[in-house]
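The next block is entry_9.txt, given as compact mmCIF, C-alpha atoms.
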# COMPACT_ATOMS: atom_id res chain seq x y z
CA MET A 1 57.89 -22.36 38.26
CA ALA A 2 55.99 -24.00 35.42
CA THR A 3 52.68 -25.53 36.27
CA HIS A 4 51.49 -28.83 34.76
CA PHE A 5 47.83 -29.40 34.05
CA SER A 6 45.92 -32.57 33.62
CA SER A 7 43.36 -33.55 31.00
CA THR A 8 40.39 -32.93 33.32
CA GLY A 9 39.64 -30.10 35.77
CA PRO A 10 42.33 -27.49 35.12
CA MET A 11 41.88 -27.55 31.35
CA ARG A 12 38.14 -26.84 31.65
CA SER A 13 38.47 -24.18 34.33
CA ILE A 14 40.98 -22.12 32.40
CA PHE A 15 38.79 -21.98 29.28
CA GLN A 16 35.46 -21.77 31.06
CA PRO A 17 33.65 -18.65 29.65
CA LYS A 18 32.23 -16.19 32.11
CA SER A 19 28.60 -16.79 33.06
CA ASN A 20 27.42 -13.59 31.40
CA LEU A 21 28.97 -14.47 28.03
CA PRO A 22 27.44 -16.69 25.31
CA LYS A 23 28.33 -20.34 25.31
CA SER A 24 30.94 -21.43 22.75
CA LEU A 25 32.03 -24.57 21.04
CA LEU A 26 35.71 -25.33 21.74
CA PHE A 27 37.57 -27.74 19.48
CA LEU A 28 40.97 -28.94 20.76
CA PRO A 29 43.47 -30.74 18.54
CA ASP A 30 44.28 -34.32 19.60
CA SER A 31 47.93 -33.41 19.99
CA CYS A 32 47.12 -30.99 22.79
CA HIS A 33 45.10 -33.60 24.65
CA ARG A 34 48.03 -35.95 24.41
CA ARG A 35 50.43 -33.30 25.58
CA ALA A 36 48.22 -32.45 28.51
CA GLU A 37 48.01 -36.08 29.45
CA THR A 38 51.77 -36.47 29.37
CA ALA A 39 52.12 -33.26 31.34
CA THR A 40 54.49 -31.73 28.76
CA CYS A 41 52.24 -28.79 27.93
CA ARG A 42 53.00 -25.99 30.32
CA ALA A 43 50.96 -22.92 31.24
CA SER A 44 53.68 -20.61 30.04
CA SER A 45 53.25 -21.91 26.49
CA VAL A 46 49.53 -21.21 26.47
CA SER A 47 48.43 -18.04 24.64
CA VAL A 48 44.70 -17.44 24.97
CA ARG A 49 43.21 -14.29 23.51
CA GLN A 50 40.60 -12.48 25.57
CA TRP A 51 36.94 -13.38 25.05
CA SER A 52 34.86 -10.87 23.11
CA SER A 53 31.15 -10.16 23.57
CA ALA A 54 30.55 -9.65 19.84
CA ALA A 55 28.29 -12.17 18.11
CA ASN A 56 28.79 -14.35 15.04
CA TYR A 57 32.56 -14.58 14.83
CA SER A 58 35.27 -17.18 14.70
CA ARG A 59 38.60 -16.66 16.36
CA LEU A 60 41.80 -18.60 16.52
CA VAL A 61 43.06 -19.34 19.99
CA LYS A 62 46.54 -20.73 20.35
CA LEU A 63 46.92 -23.49 22.85
CA CYS A 64 50.25 -25.27 23.12
CA ASN A 65 51.33 -23.49 19.92
CA LYS A 66 48.48 -25.22 18.03
CA PRO A 67 45.53 -23.32 16.53
CA ILE A 68 42.19 -23.90 18.21
CA VAL A 69 39.03 -22.66 16.44
CA VAL A 70 36.45 -21.14 18.75
CA ARG A 71 33.04 -20.65 17.19
CA GLN A 72 30.59 -18.66 19.22
CA LEU A 73 26.92 -19.31 18.87
CA ALA A 74 24.82 -16.53 17.38
CA HIS A 75 23.81 -14.22 20.15
CA LYS A 76 21.85 -10.99 20.29
CA ARG A 77 21.91 -8.91 23.42
CA ASN A 78 18.46 -7.40 23.03
CA GLY A 79 16.57 -10.65 22.50
CA VAL A 80 15.86 -13.07 19.71
CA VAL A 81 15.01 -11.65 16.26
CA ARG A 82 12.43 -13.66 14.32
CA CYS A 83 12.71 -13.56 10.54
CA ALA A 84 9.54 -13.29 8.43
CA THR A 85 8.54 -16.46 6.60
CA ILE A 86 8.08 -16.63 2.82
CA GLU A 87 4.33 -17.00 3.38
CA GLU A 88 4.22 -13.80 5.45
CA ILE A 89 6.19 -11.86 2.85
CA GLU A 90 3.93 -13.11 0.04
CA ALA A 91 0.89 -12.13 2.12
CA GLU A 92 2.23 -8.58 2.50
CA LYS A 93 2.91 -8.30 -1.24
CA SER A 94 -0.56 -9.64 -2.04
CA SER A 95 -2.15 -7.18 0.37
CA ILE A 96 -0.41 -4.24 -1.31
CA GLU A 97 -1.44 -5.43 -4.79
CA LYS A 98 -5.08 -5.90 -3.77
CA ASP A 99 -5.18 -2.48 -2.15
CA VAL A 100 -3.75 -0.85 -5.29
CA LYS A 101 -6.26 -2.52 -7.61
CA ALA A 102 -9.22 -1.73 -5.34
CA ARG A 103 -8.26 1.93 -4.99
CA MET A 104 -7.60 2.37 -8.70
CA GLU A 105 -10.95 0.80 -9.62
CA LYS A 106 -12.67 3.05 -7.09
CA THR A 107 -11.00 6.04 -8.77
CA ILE A 108 -12.36 4.96 -12.17
CA ASP A 109 -15.86 4.67 -10.68
CA MET A 110 -15.54 8.15 -9.18
CA VAL A 111 -14.49 9.60 -12.54
CA ARG A 112 -17.51 7.99 -14.20
CA THR A 113 -19.82 9.40 -11.50
CA ASN A 114 -18.38 12.88 -12.01
CA PHE A 115 -18.81 12.60 -15.77
CA ASN A 116 -22.40 11.47 -15.40
CA SER A 117 -23.23 14.51 -13.29
CA VAL A 118 -22.24 16.76 -16.21
CA ARG A 119 -25.31 17.04 -18.39
CA THR A 120 -25.25 16.51 -22.12
CA GLY A 121 -28.07 17.04 -24.63
CA ARG A 122 -29.93 13.94 -23.41
CA SER A 123 -31.64 13.37 -20.06
CA ASN A 124 -30.00 10.97 -17.64
CA PRO A 125 -30.92 10.31 -13.98
CA ALA A 126 -27.19 10.26 -13.16
CA MET A 127 -27.18 14.01 -13.77
CA LEU A 128 -28.77 14.39 -10.33
CA ASP A 129 -26.32 12.12 -8.48
CA LYS A 130 -24.55 15.03 -6.82
CA ILE A 131 -27.71 16.82 -5.69
CA GLU A 132 -28.03 16.85 -1.90
CA VAL A 133 -31.29 17.80 -0.19
CA GLU A 134 -31.78 19.12 3.32
CA TYR A 135 -34.09 16.51 4.77
CA TYR A 136 -35.12 16.80 8.43
CA GLY A 137 -32.00 18.80 9.20
CA SER A 138 -29.55 16.45 7.49
CA PRO A 139 -28.12 16.56 3.94
CA VAL A 140 -29.06 13.43 1.96
CA SER A 141 -28.69 12.46 -1.68
CA LEU A 142 -31.73 13.15 -3.87
CA LYS A 143 -31.90 9.59 -5.19
CA SER A 144 -32.23 8.24 -1.64
CA ILE A 145 -35.51 10.11 -1.01
CA ALA A 146 -37.06 10.16 -4.49
CA GLN A 147 -37.57 8.09 -7.60
CA ILE A 148 -36.12 9.61 -10.78
CA ASN A 149 -37.40 8.71 -14.26
CA THR A 150 -36.77 9.87 -17.85
CA PRO A 151 -40.14 10.13 -19.64
CA ASP A 152 -38.35 11.35 -22.78
CA SER A 153 -34.90 12.32 -24.01
CA SER A 154 -35.18 15.95 -22.87
CA SER A 155 -36.86 15.76 -19.44
CA LEU A 156 -36.60 14.23 -15.95
CA LEU A 157 -39.39 13.33 -13.55
CA ILE A 158 -38.72 13.38 -9.80
CA GLN A 159 -41.26 11.67 -7.52
CA PRO A 160 -40.37 11.95 -3.79
CA TYR A 161 -41.32 9.18 -1.36
CA ASP A 162 -42.33 11.90 1.09
CA LYS A 163 -44.29 14.77 -0.51
CA SER A 164 -43.26 17.11 2.30
CA SER A 165 -39.75 17.10 0.83
CA LEU A 166 -40.85 18.63 -2.52
CA LYS A 167 -39.88 22.19 -1.55
CA SER A 168 -36.51 21.09 -0.24
CA ILE A 169 -35.83 19.17 -3.45
CA GLU A 170 -36.86 22.16 -5.55
CA LYS A 171 -34.57 24.45 -3.55
CA ALA A 172 -31.61 22.08 -3.93
CA ILE A 173 -32.03 21.92 -7.72
CA VAL A 174 -32.28 25.70 -8.08
CA SER A 175 -29.10 26.26 -6.02
CA SER A 176 -27.13 23.64 -7.99
CA ASP A 177 -25.10 24.25 -11.15
CA LEU A 178 -27.45 22.22 -13.37
CA GLY A 179 -28.87 25.33 -14.98
CA MET A 180 -32.43 23.94 -15.00
CA THR A 181 -35.66 25.37 -13.60
CA PRO A 182 -37.79 22.79 -11.69
CA ASN A 183 -41.56 22.65 -12.20
CA ASN A 184 -43.28 21.62 -8.94
CA ASP A 185 -46.97 20.64 -9.28
CA GLY A 186 -47.35 19.48 -5.68
CA GLU A 187 -46.99 15.82 -6.60
CA VAL A 188 -43.83 15.57 -8.68
CA ILE A 189 -41.08 17.80 -10.01
CA ARG A 190 -40.39 18.00 -13.75
CA LEU A 191 -37.13 19.13 -15.23
CA THR A 192 -36.78 20.13 -18.87
CA LEU A 193 -33.29 20.13 -20.29
CA PRO A 194 -32.60 23.26 -22.33
CA GLN A 195 -30.59 22.93 -25.50
CA LEU A 196 -26.89 23.44 -24.88
CA THR A 197 -25.28 26.30 -26.74
CA SER A 198 -21.93 25.83 -28.45
CA GLU A 199 -20.32 28.02 -25.81
CA ARG A 200 -21.82 26.00 -22.95
CA ARG A 201 -20.68 22.73 -24.52
CA LYS A 202 -17.09 23.98 -24.63
CA GLU A 203 -17.29 25.06 -20.99
CA LEU A 204 -18.57 21.66 -19.93
CA SER A 205 -15.86 20.00 -22.01
CA LYS A 206 -13.26 21.86 -19.95
CA VAL A 207 -14.96 20.73 -16.73
CA VAL A 208 -14.82 17.11 -17.87
CA ALA A 209 -11.14 17.44 -18.89
CA LYS A 210 -10.33 18.74 -15.41
CA GLN A 211 -12.17 15.84 -13.78
CA ALA A 212 -10.25 13.38 -15.96
CA GLU A 213 -6.92 14.92 -14.92
CA GLU A 214 -7.92 14.75 -11.25
CA GLY A 215 -8.62 11.04 -11.73
CA LYS A 216 -5.16 10.51 -13.25
CA VAL A 217 -3.51 12.34 -10.37
CA ALA A 218 -5.36 10.06 -7.94
CA VAL A 219 -4.08 6.96 -9.80
CA ARG A 220 -0.50 8.28 -9.71
CA ASN A 221 -0.79 8.89 -5.97
CA ILE A 222 -1.93 5.30 -5.46
CA ARG A 223 1.11 4.11 -7.42
CA ARG A 224 3.38 6.29 -5.27
CA ASP A 225 1.94 4.82 -2.06
CA ALA A 226 2.52 1.28 -3.32
CA LEU A 227 6.14 2.04 -4.24
CA LYS A 228 6.75 3.36 -0.74
CA ALA A 229 5.28 0.16 0.70
CA TYR A 230 7.62 -1.96 -1.47
CA GLU A 231 10.64 0.15 -0.48
CA LYS A 232 9.72 -0.35 3.17
CA LEU A 233 9.76 -4.13 2.68
CA GLN A 234 13.16 -3.81 1.01
CA LYS A 235 14.57 -1.87 3.97
CA GLU A 236 13.25 -4.59 6.26
CA LYS A 237 15.20 -7.12 4.15
CA LYS A 238 11.97 -8.85 3.12
CA LEU A 239 12.42 -7.99 -0.57
CA SER A 240 15.56 -7.76 -2.66
CA GLU A 241 16.33 -4.89 -5.03
CA ASP A 242 15.45 -7.11 -8.01
CA ASN A 243 12.12 -8.01 -6.39
CA VAL A 244 11.26 -4.33 -6.00
CA LYS A 245 12.21 -3.61 -9.63
CA ASP A 246 9.94 -6.41 -10.88
CA LEU A 247 7.05 -5.28 -8.66
CA SER A 248 7.53 -1.66 -9.74
CA SER A 249 7.36 -2.74 -13.38
CA ASP A 250 4.09 -4.62 -12.78
CA LEU A 251 2.75 -1.63 -10.88
CA GLN A 252 3.55 0.69 -13.78
CA LYS A 253 1.66 -1.59 -16.18
CA LEU A 254 -1.38 -1.51 -13.89
CA THR A 255 -1.14 2.29 -13.65
CA ASP A 256 -0.94 2.66 -17.44
CA GLU A 257 -3.95 0.38 -17.82
CA HIS A 258 -6.10 2.59 -15.56
CA MET A 259 -4.82 5.75 -17.24
CA LYS A 260 -6.07 4.37 -20.55
CA LYS A 261 -9.48 3.65 -18.98
CA ILE A 262 -9.77 7.27 -17.85
CA ASP A 263 -8.77 8.50 -21.32
CA SER A 264 -11.36 6.22 -22.90
CA ILE A 265 -14.32 7.36 -20.80
CA TYR A 266 -13.17 10.99 -21.10
CA LYS A 267 -13.16 10.83 -24.91
CA GLN A 268 -16.61 9.23 -24.86
CA LYS A 269 -17.99 11.95 -22.60
CA GLU A 270 -16.38 14.72 -24.64
CA LYS A 271 -17.95 13.28 -27.78
CA GLU A 272 -21.38 13.37 -26.12
CA LEU A 273 -20.91 16.97 -25.04
CA LEU A 274 -19.81 18.27 -28.41
CA LYS A 275 -22.47 16.37 -30.33
CA VAL A 276 -25.25 18.74 -31.41

In structure tokens, what does this structure look like?
Amino acid sequence: MATHFSSTGPMRSIFQPKSNLPKSLLFLPDSCHRRAETATCRASSVSVRQWSSAANYSRLVKLCNKPIVVRQLAHKRNGVVRCATIEEIEAEKSSIEKDVKARMEKTIDMVRTNFNSVRTGRSNPAMLDKIEVEYYGSPVSLKSIAQINTPDSSSLLIQPYDKSSLKSIEKAIVSSDLGMTPNNDGEVIRLTLPQLTSERRKELSKVVAKQAEEGKVAVRNIRRDALKAYEKLQKEKKLSEDNVKDLSSDLQKLTDEHMKKIDSIYKQKEKELLKV
């Protein structure tokens, strides 16, 4: 026996979603309301497809042979996902760029320091930058416990703040690769730079070339780390493929710029070494 249903209770109860499912918006054509009111729409003519728990879909439900569009609200079972704002994405990009520039500049400074520690024909206090002295049981840099001067172009004068450290300073210089013999008079230490032979200049030139290459490798590694950071943002849907390409291009320009800086200071140092 066919069952009639009115425009109020029965209609709502039949299409009431289960309590554990997401709420939906149900749009009924006017014709169906009229049919329900006139009691001509029967239950046997109703074809309702089963509810699905999937999110973000639209489905046609036939009621009284008329299409009814059911749009379910976006729903995620494991909680609400919050998308990053444009400001947050820009902040992440800016952080990566700043880190890259800071690390590359630090690499250039390190290359310069290494070059300065390689002696040329002229005296330079930076030649002693890498000398570490055993001072009260701890290794400290020479320049932190002594004043270093250049009285002339071929000698260095070391005056310690604590005279008891003279022997330790002398020992550290002898065991270094400077190739100089310290003269300790009990007050100060004098270093006289011997003339570099042609053979020694070539050896030092190779040392400097190796240091320059190590600096370039460090810059390339910084570039690699930044690319990985950009790719991570792309996987997180924070950057598009085009964004990553543009950022990679800018990163390559920055890398090339620092490579040129290393080449420039290397050529300058090599010129100093080979100059007789």

Atomic distance CA of Asp162 in chain A - CA of Pro182 in chain A, expressed in Å with one decimal: 17.4 Å

Could you give me, as a PyMOL selection string, the residues within 10 Å of Leu191 in chain A, counting all atoms listed in the file and dropping anything in the same chain fewer than 4 positions from it? chain A and resi 123+150+154-158+173+180-184

Counting all atoms listed in the file, what are the residues of range 78-154 of chain A within 9 Å of range 193-210 of chain A, and for each of them which pair of atoms is the nearest and at what distance in Å, to one decimal? Sort the table by chain and rising number, as a Markdown table.
| residue | atom | partner | partner_atom | distance |
| --- | --- | --- | --- | --- |
| A:Asn114 | CA | A:Val208 | CA | 8.1 |
| A:Phe115 | CA | A:Val208 | CA | 6.4 |
| A:Val118 | CA | A:Leu204 | CA | 7.2 |
| A:Arg119 | CA | A:Leu204 | CA | 8.3 |
| A:Thr120 | CA | A:Leu196 | CA | 7.6 |
| A:Gly121 | CA | A:Gln195 | CA | 6.5 |
| A:Arg122 | CA | A:Leu193 | CA | 7.7 |
| A:Ser123 | CA | A:Leu193 | CA | 7.0 |
| A:Ser153 | CA | A:Leu193 | CA | 8.8 |
| A:Ser154 | CA | A:Leu193 | CA | 5.3 |

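Nearest to Leu166 in chain A of all the residues A:Ile189, A:Leu274, A:Ile131, A:Leu178 is A:Ile189, based on all atoms listed in the file.
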
What is the distance between CA of Ser264 in chain A and CA of Ser117 in chain A, in Å to one decimal? 17.4 Å

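Nearest to Lys106 in chain A of all the residues A:Tyr266, A:His258, A:Val244, A:Ala91 is A:His258, based on all atoms listed in the file.
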
Shell around range 140-148 of chain A at 10 Å using all atoms listed in the file, local window under 3 positions removed, as a count of residues only: 31

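Atom pair CA of Asn221 in chain A / CA of Leu273 in chain A has a distance of 28.9 Å (rounded to one decimal).
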